[in-house]
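Raw data_22.txt, compact mmCIF, C-alpha atoms and all ligand atoms:
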```
# COMPACT_ATOMS: atom_id res chain seq x y z
CA MET R 90 -19.29 -1.84 -27.79
CA ASN R 91 -17.03 -2.24 -30.82
CA LEU R 92 -16.27 1.36 -31.80
CA THR R 93 -14.23 0.43 -34.89
CA GLU R 94 -17.27 -1.34 -36.31
CA LEU R 95 -19.64 1.52 -35.38
CA ASN R 96 -17.28 3.98 -37.05
CA LYS R 97 -17.14 1.82 -40.18
CA ILE R 98 -20.95 1.84 -40.47
CA ALA R 99 -21.26 5.57 -39.75
CA THR R 100 -18.62 6.28 -42.40
CA ALA R 101 -20.41 4.07 -44.96
CA MET R 102 -23.69 5.93 -44.26
CA VAL R 103 -22.12 9.18 -45.47
CA ALA R 104 -19.89 7.76 -48.25
CA PRO R 105 -19.22 10.35 -51.02
CA GLY R 106 -21.92 10.25 -53.69
CA LYS R 107 -24.44 8.51 -51.44
CA GLY R 108 -27.00 9.44 -48.82
CA ILE R 109 -29.83 8.11 -46.70
CA LEU R 110 -33.46 7.53 -47.66
CA ALA R 111 -35.73 8.47 -44.75
CA ALA R 112 -38.68 6.13 -45.35
CA ASP R 113 -39.67 6.00 -41.69
CA GLU R 114 -42.94 7.92 -41.83
CA SER R 115 -45.17 6.93 -38.92
CA SER R 116 -48.62 5.51 -39.77
CA GLY R 117 -50.10 8.99 -39.27
CA THR R 118 -47.58 10.72 -41.53
CA ILE R 119 -47.71 8.18 -44.37
CA LYS R 120 -51.52 8.47 -44.30
CA LYS R 121 -51.16 12.22 -44.90
CA ARG R 122 -48.80 11.55 -47.85
CA PHE R 123 -51.15 8.91 -49.28
CA ASP R 124 -54.19 11.17 -48.85
CA ALA R 125 -52.44 13.73 -51.04
CA ILE R 126 -52.17 11.21 -53.92
CA GLY R 127 -55.56 9.60 -53.34
CA VAL R 128 -54.25 6.27 -52.02
CA GLU R 129 -55.80 4.47 -49.08
CA SER R 130 -53.28 3.88 -46.28
CA THR R 131 -53.62 0.12 -45.83
CA GLU R 132 -50.82 -2.13 -44.65
CA ALA R 133 -50.63 -3.70 -48.14
CA ASN R 134 -50.44 -0.31 -49.89
CA ARG R 135 -47.72 0.89 -47.52
CA ARG R 136 -45.80 -2.32 -48.24
CA ASP R 137 -46.25 -2.04 -52.02
CA TYR R 138 -45.11 1.57 -52.02
CA ARG R 139 -41.98 0.90 -50.00
CA GLU R 140 -41.21 -2.26 -51.93
CA MET R 141 -41.29 -0.14 -55.09
CA LEU R 142 -38.67 2.19 -53.61
CA PHE R 143 -36.40 -0.57 -52.31
CA ARG R 144 -36.50 -2.35 -55.68
CA SER R 145 -35.40 0.81 -57.54
CA LYS R 146 -32.11 -0.60 -58.78
CA GLU R 147 -30.41 2.59 -59.98
CA ALA R 148 -31.22 4.58 -56.85
CA MET R 149 -30.53 1.84 -54.34
CA ASN R 150 -27.34 0.42 -55.88
CA GLN R 151 -25.66 3.72 -56.65
CA TYR R 152 -26.94 6.58 -54.53
CA ILE R 153 -28.52 5.26 -51.32
CA SER R 154 -26.22 4.24 -48.46
CA GLY R 155 -28.94 3.43 -45.94
CA VAL R 156 -32.70 3.38 -45.42
CA ILE R 157 -34.52 4.44 -42.25
CA LEU R 158 -37.52 2.18 -41.67
CA TYR R 159 -40.59 2.47 -39.48
CA ASP R 160 -41.35 -0.39 -37.06
CA GLU R 161 -44.13 -1.83 -39.26
CA THR R 162 -41.85 -1.90 -42.33
CA ILE R 163 -38.90 -3.65 -40.72
CA TRP R 164 -41.13 -6.69 -40.03
CA GLN R 165 -42.84 -6.69 -43.46
CA ASP R 166 -42.12 -9.02 -46.38
CA ALA R 167 -42.21 -8.12 -50.08
CA LYS R 168 -44.99 -9.62 -52.22
CA ASP R 169 -42.76 -12.62 -53.04
CA GLY R 170 -42.05 -13.28 -49.34
CA THR R 171 -38.56 -11.71 -49.19
CA PRO R 172 -38.22 -9.55 -46.06
CA LEU R 173 -38.00 -5.88 -47.07
CA VAL R 174 -34.84 -5.64 -44.95
CA LYS R 175 -33.25 -8.25 -47.23
CA LEU R 176 -34.11 -6.21 -50.34
CA ILE R 177 -32.24 -3.28 -48.82
CA GLU R 178 -29.24 -5.42 -47.87
CA GLN R 179 -29.14 -7.03 -51.33
CA SER R 180 -28.85 -3.57 -52.92
CA GLY R 181 -25.79 -2.89 -50.77
CA ALA R 182 -27.55 -0.35 -48.54
CA ILE R 183 -27.73 -0.52 -44.75
CA PRO R 184 -31.10 -0.95 -42.99
CA GLY R 185 -31.87 1.44 -40.13
CA ILE R 186 -34.82 1.96 -37.80
CA LYS R 187 -36.68 4.93 -36.32
CA VAL R 188 -36.94 4.19 -32.60
CA ASP R 189 -38.46 7.29 -31.04
CA GLU R 190 -42.18 7.13 -30.28
CA GLY R 191 -43.03 10.67 -31.32
CA THR R 192 -43.52 13.83 -29.30
CA GLN R 193 -45.61 14.73 -26.27
CA ALA R 194 -46.55 18.16 -24.92
CA LEU R 195 -43.89 19.41 -22.51
CA PRO R 196 -45.50 20.34 -19.17
CA MET R 197 -45.18 24.02 -18.16
CA CYS R 198 -43.83 24.88 -21.61
CA PRO R 199 -46.78 25.90 -23.81
CA GLY R 200 -46.30 25.07 -27.49
CA GLU R 201 -43.24 22.88 -26.88
CA THR R 202 -42.71 19.12 -26.99
CA VAL R 203 -40.36 16.41 -25.82
CA THR R 204 -39.65 13.27 -27.82
CA VAL R 205 -40.44 10.04 -25.95
CA GLY R 206 -39.60 6.34 -26.29
CA LEU R 207 -36.71 5.58 -23.92
CA ASP R 208 -38.64 3.04 -21.84
CA LYS R 209 -37.78 -0.51 -22.97
CA LEU R 210 -35.57 0.93 -25.72
CA ALA R 211 -32.68 -1.40 -24.83
CA GLU R 212 -34.87 -4.49 -25.46
CA ARG R 213 -36.30 -3.07 -28.67
CA LEU R 214 -32.81 -2.31 -29.99
CA LYS R 215 -31.78 -5.93 -29.45
CA LYS R 216 -34.68 -7.16 -31.60
CA TYR R 217 -34.01 -4.60 -34.32
CA TYR R 218 -30.33 -5.60 -34.43
CA GLU R 219 -31.32 -9.27 -34.86
CA ARG R 220 -33.60 -8.25 -37.74
CA GLY R 221 -30.67 -6.46 -39.47
CA ALA R 222 -30.80 -2.83 -38.35
CA ARG R 223 -27.32 -1.36 -38.02
CA PHE R 224 -28.31 2.23 -37.31
CA ALA R 225 -31.24 4.01 -35.68
CA LYS R 226 -32.89 7.42 -35.65
CA TRP R 227 -34.41 9.62 -32.93
CA ARG R 228 -35.91 12.98 -33.85
CA ALA R 229 -36.26 15.85 -31.39
CA VAL R 230 -38.39 18.78 -32.52
CA ILE R 231 -37.64 22.39 -31.63
CA ASP R 232 -40.05 25.08 -32.75
CA ILE R 233 -39.15 28.75 -33.15
CA GLY R 234 -41.80 31.26 -32.12
CA HIS R 235 -42.59 34.10 -29.77
CA GLY R 236 -40.59 33.33 -26.60
CA ILE R 237 -39.65 29.81 -27.71
CA PRO R 238 -37.65 27.63 -27.69
CA SER R 239 -37.14 27.60 -23.95
CA MET R 240 -33.93 26.31 -22.36
CA THR R 241 -36.19 23.67 -20.78
CA ALA R 242 -37.26 22.25 -24.16
CA ILE R 243 -33.72 22.37 -25.54
CA GLY R 244 -32.38 20.70 -22.39
CA VAL R 245 -34.84 17.81 -22.05
CA ASN R 246 -34.65 17.00 -25.76
CA ALA R 247 -30.84 17.04 -25.75
CA HIS R 248 -30.86 14.80 -22.68
CA ALA R 249 -33.20 12.28 -24.36
CA LEU R 250 -31.15 12.31 -27.58
CA ALA R 251 -28.00 11.48 -25.63
CA ARG R 252 -29.75 8.75 -23.60
CA TYR R 253 -30.96 7.21 -26.84
CA ALA R 254 -27.52 7.51 -28.48
CA ALA R 255 -25.76 5.81 -25.56
CA LEU R 256 -28.29 2.93 -25.56
CA CYS R 257 -27.80 2.49 -29.33
CA GLN R 258 -24.03 2.28 -29.08
CA ALA R 259 -24.28 -0.22 -26.23
CA ALA R 260 -26.45 -2.32 -28.58
CA GLN R 261 -23.89 -1.98 -31.42
CA ILE R 262 -26.19 0.30 -33.43
CA VAL R 263 -25.09 3.66 -34.89
CA PRO R 264 -27.35 6.45 -33.60
CA ILE R 265 -28.54 9.16 -35.97
CA VAL R 266 -28.93 12.11 -33.63
CA GLU R 267 -31.61 14.40 -35.06
CA PRO R 268 -32.38 17.66 -33.28
CA GLU R 269 -34.68 19.32 -35.82
CA VAL R 270 -35.26 23.06 -35.61
CA LEU R 271 -38.44 23.51 -37.65
CA MET R 272 -38.68 25.92 -40.59
CA ASP R 273 -42.41 26.54 -40.07
CA GLY R 274 -42.33 30.07 -38.62
CA ASP R 275 -41.75 33.58 -39.98
CA HIS R 276 -38.26 33.95 -38.44
CA ASP R 277 -35.28 34.92 -40.57
CA ILE R 278 -32.12 32.91 -41.27
CA ASP R 279 -30.12 34.56 -38.48
CA ARG R 280 -32.68 33.55 -35.85
CA CYS R 281 -32.56 29.98 -37.19
CA TYR R 282 -28.75 30.13 -36.98
CA GLU R 283 -28.84 31.35 -33.38
CA VAL R 284 -31.40 28.76 -32.18
CA THR R 285 -29.74 25.86 -34.04
CA SER R 286 -26.41 26.84 -32.54
CA ARG R 287 -27.88 26.68 -29.00
CA VAL R 288 -29.54 23.35 -29.77
CA LEU R 289 -26.40 21.75 -31.23
CA ASN R 290 -24.17 23.01 -28.42
CA LYS R 291 -26.52 21.62 -25.78
CA THR R 292 -26.86 18.33 -27.67
CA PHE R 293 -23.09 17.79 -27.89
CA GLN R 294 -22.70 18.77 -24.23
CA GLU R 295 -25.20 16.03 -23.27
CA LEU R 296 -23.58 13.51 -25.63
CA ARG R 297 -20.28 14.09 -23.84
CA VAL R 298 -21.82 13.85 -20.36
CA GLN R 299 -23.40 10.53 -21.30
CA ARG R 300 -20.13 9.22 -22.81
CA VAL R 301 -21.39 8.76 -26.36
CA ALA R 302 -18.50 8.06 -28.76
CA LEU R 303 -18.68 10.81 -31.36
CA GLU R 304 -16.79 8.57 -33.84
CA GLY R 305 -19.74 6.17 -33.85
CA MET R 306 -22.67 8.49 -34.62
CA VAL R 307 -24.20 10.52 -37.43
CA LEU R 308 -25.76 13.97 -36.91
CA LYS R 309 -28.99 14.80 -38.75
CA PRO R 310 -29.53 18.55 -38.45
CA ASN R 311 -31.62 21.17 -40.21
CA MET R 312 -29.88 23.69 -42.40
CA ALA R 313 -29.56 27.35 -41.40
CA ILE R 314 -32.58 28.55 -43.35
CA PRO R 315 -35.32 31.18 -42.98
CA GLY R 316 -38.82 30.14 -41.84
CA LYS R 317 -41.22 29.36 -44.69
CA LYS R 318 -43.34 32.40 -43.80
CA SER R 319 -40.38 34.77 -43.42
CA PRO R 320 -40.58 37.90 -45.57
CA LYS R 321 -36.77 37.73 -45.79
CA GLN R 322 -35.84 34.68 -47.88
CA ALA R 323 -32.19 33.71 -48.43
CA SER R 324 -30.17 32.82 -51.52
CA VAL R 325 -28.75 29.31 -52.02
CA GLU R 326 -25.27 30.72 -51.36
CA GLU R 327 -26.32 32.36 -48.09
CA VAL R 328 -27.95 29.15 -46.80
CA ALA R 329 -24.84 27.15 -47.73
CA GLU R 330 -22.38 29.63 -46.24
CA LYS R 331 -24.26 30.09 -42.95
CA THR R 332 -24.97 26.36 -42.54
CA ILE R 333 -21.31 25.45 -42.98
CA ARG R 334 -20.20 28.23 -40.63
CA LEU R 335 -22.72 27.00 -38.03
CA LEU R 336 -21.75 23.34 -38.32
CA LYS R 337 -18.02 24.09 -38.18
CA ALA R 338 -18.60 26.04 -34.97
CA CYS R 339 -20.75 23.37 -33.29
CA VAL R 340 -19.91 19.88 -34.63
CA PRO R 341 -16.59 18.26 -33.62
CA ALA R 342 -14.51 16.79 -36.43
CA ALA R 343 -14.62 13.43 -34.61
CA VAL R 344 -18.19 13.00 -35.92
CA PRO R 345 -17.83 10.97 -39.16
CA GLY R 346 -20.85 12.39 -40.87
CA ILE R 347 -23.68 14.87 -41.11
CA ALA R 348 -26.83 14.01 -43.09
CA PHE R 349 -29.43 16.74 -43.48
CA LEU R 350 -33.19 16.48 -43.20
CA SER R 351 -35.12 18.35 -45.92
CA GLY R 352 -37.71 19.78 -43.52
CA GLY R 353 -40.18 21.13 -46.06
CA GLN R 354 -37.77 22.58 -48.64
CA SER R 355 -38.70 21.93 -52.26
CA ASP R 356 -36.95 18.96 -53.88
CA GLU R 357 -34.67 21.16 -55.92
CA GLU R 358 -33.86 23.57 -53.08
CA ALA R 359 -32.76 20.70 -50.86
CA THR R 360 -30.46 19.47 -53.63
CA ALA R 361 -29.10 22.93 -54.52
CA HIS R 362 -28.28 23.74 -50.88
CA LEU R 363 -26.34 20.52 -50.31
CA ASN R 364 -24.48 21.03 -53.59
CA ALA R 365 -23.53 24.63 -52.72
CA MET R 366 -22.14 23.52 -49.34
CA HIS R 367 -19.72 21.17 -51.10
CA LYS R 368 -18.36 24.13 -53.07
CA LEU R 369 -17.12 25.48 -49.71
CA GLY R 370 -14.93 22.47 -48.91
CA PRO R 371 -12.81 20.79 -47.79
CA LEU R 372 -15.08 19.86 -44.87
CA PRO R 373 -14.11 18.07 -41.64
CA TRP R 374 -16.96 15.49 -41.84
CA GLY R 375 -18.85 13.61 -44.55
CA LEU R 376 -21.81 15.78 -45.58
CA THR R 377 -24.86 14.35 -47.31
CA PHE R 378 -28.64 13.98 -47.36
CA SER R 379 -31.09 11.99 -45.26
CA TYR R 380 -34.20 13.23 -46.99
CA GLY R 381 -37.77 12.06 -46.59
CA ARG R 382 -40.03 14.42 -48.50
CA ALA R 383 -37.35 15.75 -50.89
CA LEU R 384 -36.68 12.17 -52.12
CA GLN R 385 -40.22 10.82 -52.06
CA ALA R 386 -42.61 13.58 -53.16
CA ALA R 387 -41.85 12.91 -56.86
CA PRO R 388 -42.11 9.09 -56.76
CA GLN R 389 -45.30 9.27 -54.69
CA LYS R 390 -46.93 11.46 -57.31
CA ALA R 391 -45.68 9.35 -60.22
CA TRP R 392 -46.88 6.12 -58.57
CA SER R 393 -50.25 7.29 -57.21
CA GLY R 394 -51.02 3.77 -55.99
CA ARG R 395 -51.25 2.16 -59.45
CA PRO R 396 -49.31 -1.02 -60.24
CA GLU R 397 -48.88 0.14 -63.86
CA ASN R 398 -47.01 3.24 -62.54
CA VAL R 399 -44.32 1.33 -60.61
CA ALA R 400 -41.67 1.90 -63.31
CA ALA R 401 -42.49 5.63 -63.43
CA GLY R 402 -42.32 5.84 -59.62
CA GLN R 403 -38.94 4.10 -59.62
CA ALA R 404 -37.64 6.41 -62.36
CA ALA R 405 -38.73 9.47 -60.35
CA PHE R 406 -37.06 8.12 -57.21
CA SER R 407 -33.86 7.23 -59.08
CA HIS R 408 -33.72 10.70 -60.59
CA ARG R 409 -33.96 12.46 -57.21
CA ALA R 410 -31.48 10.02 -55.67
CA ARG R 411 -29.03 10.69 -58.50
CA MET R 412 -29.43 14.47 -58.22
CA ASN R 413 -28.75 14.33 -54.48
CA GLY R 414 -25.90 11.87 -54.97
CA LEU R 415 -24.27 14.38 -57.33
CA ALA R 416 -24.97 17.20 -54.85
CA SER R 417 -23.19 15.25 -52.13
CA ARG R 418 -20.05 15.59 -54.28
CA GLY R 419 -20.73 19.19 -55.34
CA GLU R 420 -21.27 17.97 -58.92
CA TRP R 421 -24.95 18.85 -59.40
CA GLN R 422 -26.20 21.50 -61.86
CA SER R 423 -29.76 22.76 -62.27
CA SER R 424 -29.55 22.01 -66.00
CA LEU R 425 -29.52 18.28 -65.12
CA GLU R 426 -33.04 18.71 -63.70
CA LYS R 427 -34.39 20.27 -66.88
CA LYS R 428 -32.79 17.63 -69.09
CA ALA R 429 -34.63 14.90 -67.17
CA ALA R 430 -37.95 16.74 -67.33
P1 LIG R 501 -37.76 15.29 -44.28
O1 LIG R 501 -36.58 15.22 -45.20
O2 LIG R 501 -39.08 15.12 -45.00
O3 LIG R 501 -37.71 16.47 -43.37
O4 LIG R 501 -37.72 13.99 -43.37
C1 LIG R 501 -36.52 13.59 -42.85
C2 LIG R 501 -36.74 12.96 -41.55
O5 LIG R 501 -36.36 11.84 -41.33
C3 LIG R 501 -37.40 13.74 -40.51
O6 LIG R 501 -37.30 13.08 -39.30
```

Go through the file and emit its structure as structure tokens.
Amino acid sequence: MNLTELNKIATAMVAPGKGILAADESSGTIKKRFDAIGVESTEANRRDYREMLFRSKEAMNQYISGVILYDETIWQDAKDGTPLVKLIEQSGAIPGIKVDEGTQALPMCPGETVTVGLDKLAERLKKYYERGARFAKWRAVIDIGHGIPSMTAIGVNAHALARYAALCQAAQIVPIVEPEVLMDGDHDIDRCYEVTSRVLNKTFQELRVQRVALEGMVLKPNMAIPGKKSPKQASVEEVAEKTIRLLKACVPAAVPGIAFLSGGQSDEEATAHLNAMHKLGPLPWGLTFSYGRALQAAPQKAWSGRPENVAAGQAAFSHRARMNGLASRGEWQSSLEKKAA
């Protein structure tokens, strides 16, 4: 393992003004997104859609540091035969790959899951590296509900995240460590804070046990945020203040960067929260976005599967990328959204 090189990549992934595009929807998830815009989820349509994103010059050249791909996409070529990975590299962004194989029910723990995919991971990582991937992603899912999460679910997921991270570093790939505490329930922000704190502490404990070099990884956490069905919603300032307090308490400064998931927040909320956190600096790590839905909902709608809408889809993507790029420097204002509309 060359830690200097891993650290260089991790640092580039969270460079000021830039963030990560999570375009690694599994076949099931992208079908759901396509259903919503009336597009059939064929291999060609998935390719055309992602090619549209990766050819968005403004977004890719200026605001996107890296792209997380799904296995199908990393092997796909653009219409003109150029590998999609090459399009990403040509824009100056770093290609990455989702390597977990989704969740399975956790025995004896009703309602809870464990993320799987460690078997043969070492061999898969080798092939992904040869194809150009320089970072990877593994997502653990923790749900908040009556009597959950259990210590069992937190423990097995933290263990798997650390196993994955160690295998990545041995393969000279930067691991994005993503323990996602879902915002689906009716819990308030303080319950989210408490659960996320337990999850992060356990995750870093496992990372240490398994000798993962913190300097060569990126953390992808949720924000401290109330559940979507909570009667007690929180202001942008409260989310920012509690998230920064939580991360400062749980994430060592040796970690080069933190890149948030959007998790079901609206596009503008996700941007406003990141922006507000940068008003609370200086911060010990790079802090940016690694959004899926909050970057892609607008371009998906604008595109709607029609070749004549490609320019509109790219404009919508570039706008969201620019807004989040500004937020990653604390330079975003809501008036910039209205001007564009
Ligand atoms: P969202 O931003 O849509 O939550 O997706 C990010 C991601 O990669 C989840 O694993």

Correct to one decimal, the distance atom CA of R:Ser286-atom CA of R:Thr202 is 18.9 Å

All residues 10 Å or closer to stretch 190-199 of chain R, only C-alpha atoms, same chain fewer than 4 positions away omitted, as a PDB file with C-alpha atoms, in the coordinates of the input:
```
ATOM      1  CA  SER R 115     -45.170   6.930 -38.920  1.00  0.00           C
ATOM      2  CA  VAL R 203     -40.360  16.410 -25.820  1.00  0.00           C
ATOM      3  CA  THR R 204     -39.650  13.270 -27.820  1.00  0.00           C
ATOM      4  CA  VAL R 205     -40.440  10.040 -25.950  1.00  0.00           C
ATOM      5  CA  GLY R 206     -39.600   6.340 -26.290  1.00  0.00           C
ATOM      6  CA  LEU R 207     -36.710   5.580 -23.920  1.00  0.00           C
ATOM      7  CA  TRP R 227     -34.410   9.620 -32.930  1.00  0.00           C
ATOM      8  CA  ARG R 228     -35.910  12.980 -33.850  1.00  0.00           C
ATOM      9  CA  ALA R 229     -36.260  15.850 -31.390  1.00  0.00           C
ATOM     10  CA  VAL R 230     -38.390  18.780 -32.520  1.00  0.00           C
ATOM     11  CA  ILE R 237     -39.650  29.810 -27.710  1.00  0.00           C
ATOM     12  CA  PRO R 238     -37.650  27.630 -27.690  1.00  0.00           C
ATOM     13  CA  SER R 239     -37.140  27.600 -23.950  1.00  0.00           C
ATOM     14  CA  THR R 241     -36.190  23.670 -20.780  1.00  0.00           C
ATOM     15  CA  ALA R 242     -37.260  22.250 -24.160  1.00  0.00           C
ATOM     16  CA  VAL R 245     -34.840  17.810 -22.050  1.00  0.00           C
TER      17      VAL R 245
END
```

From atom CA of R:Pro320 to atom CA of R:Tyr282 the spacing works out at 16.6 Å

>> Any residue with an atom at most 6 Å from ligand LIG 501 (chain R) counts, using all atoms listed in the file. Which are they? Put them as a PyMOL selection string.
In response: chain R and resi 111+228+350-353+380-383

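In terms of minimum interatomic distance to R:Glu420, R:Lys368 ranks closest within R:Arg220, R:Lys291, R:Lys368, R:Arg213, counting all atoms listed in the file.
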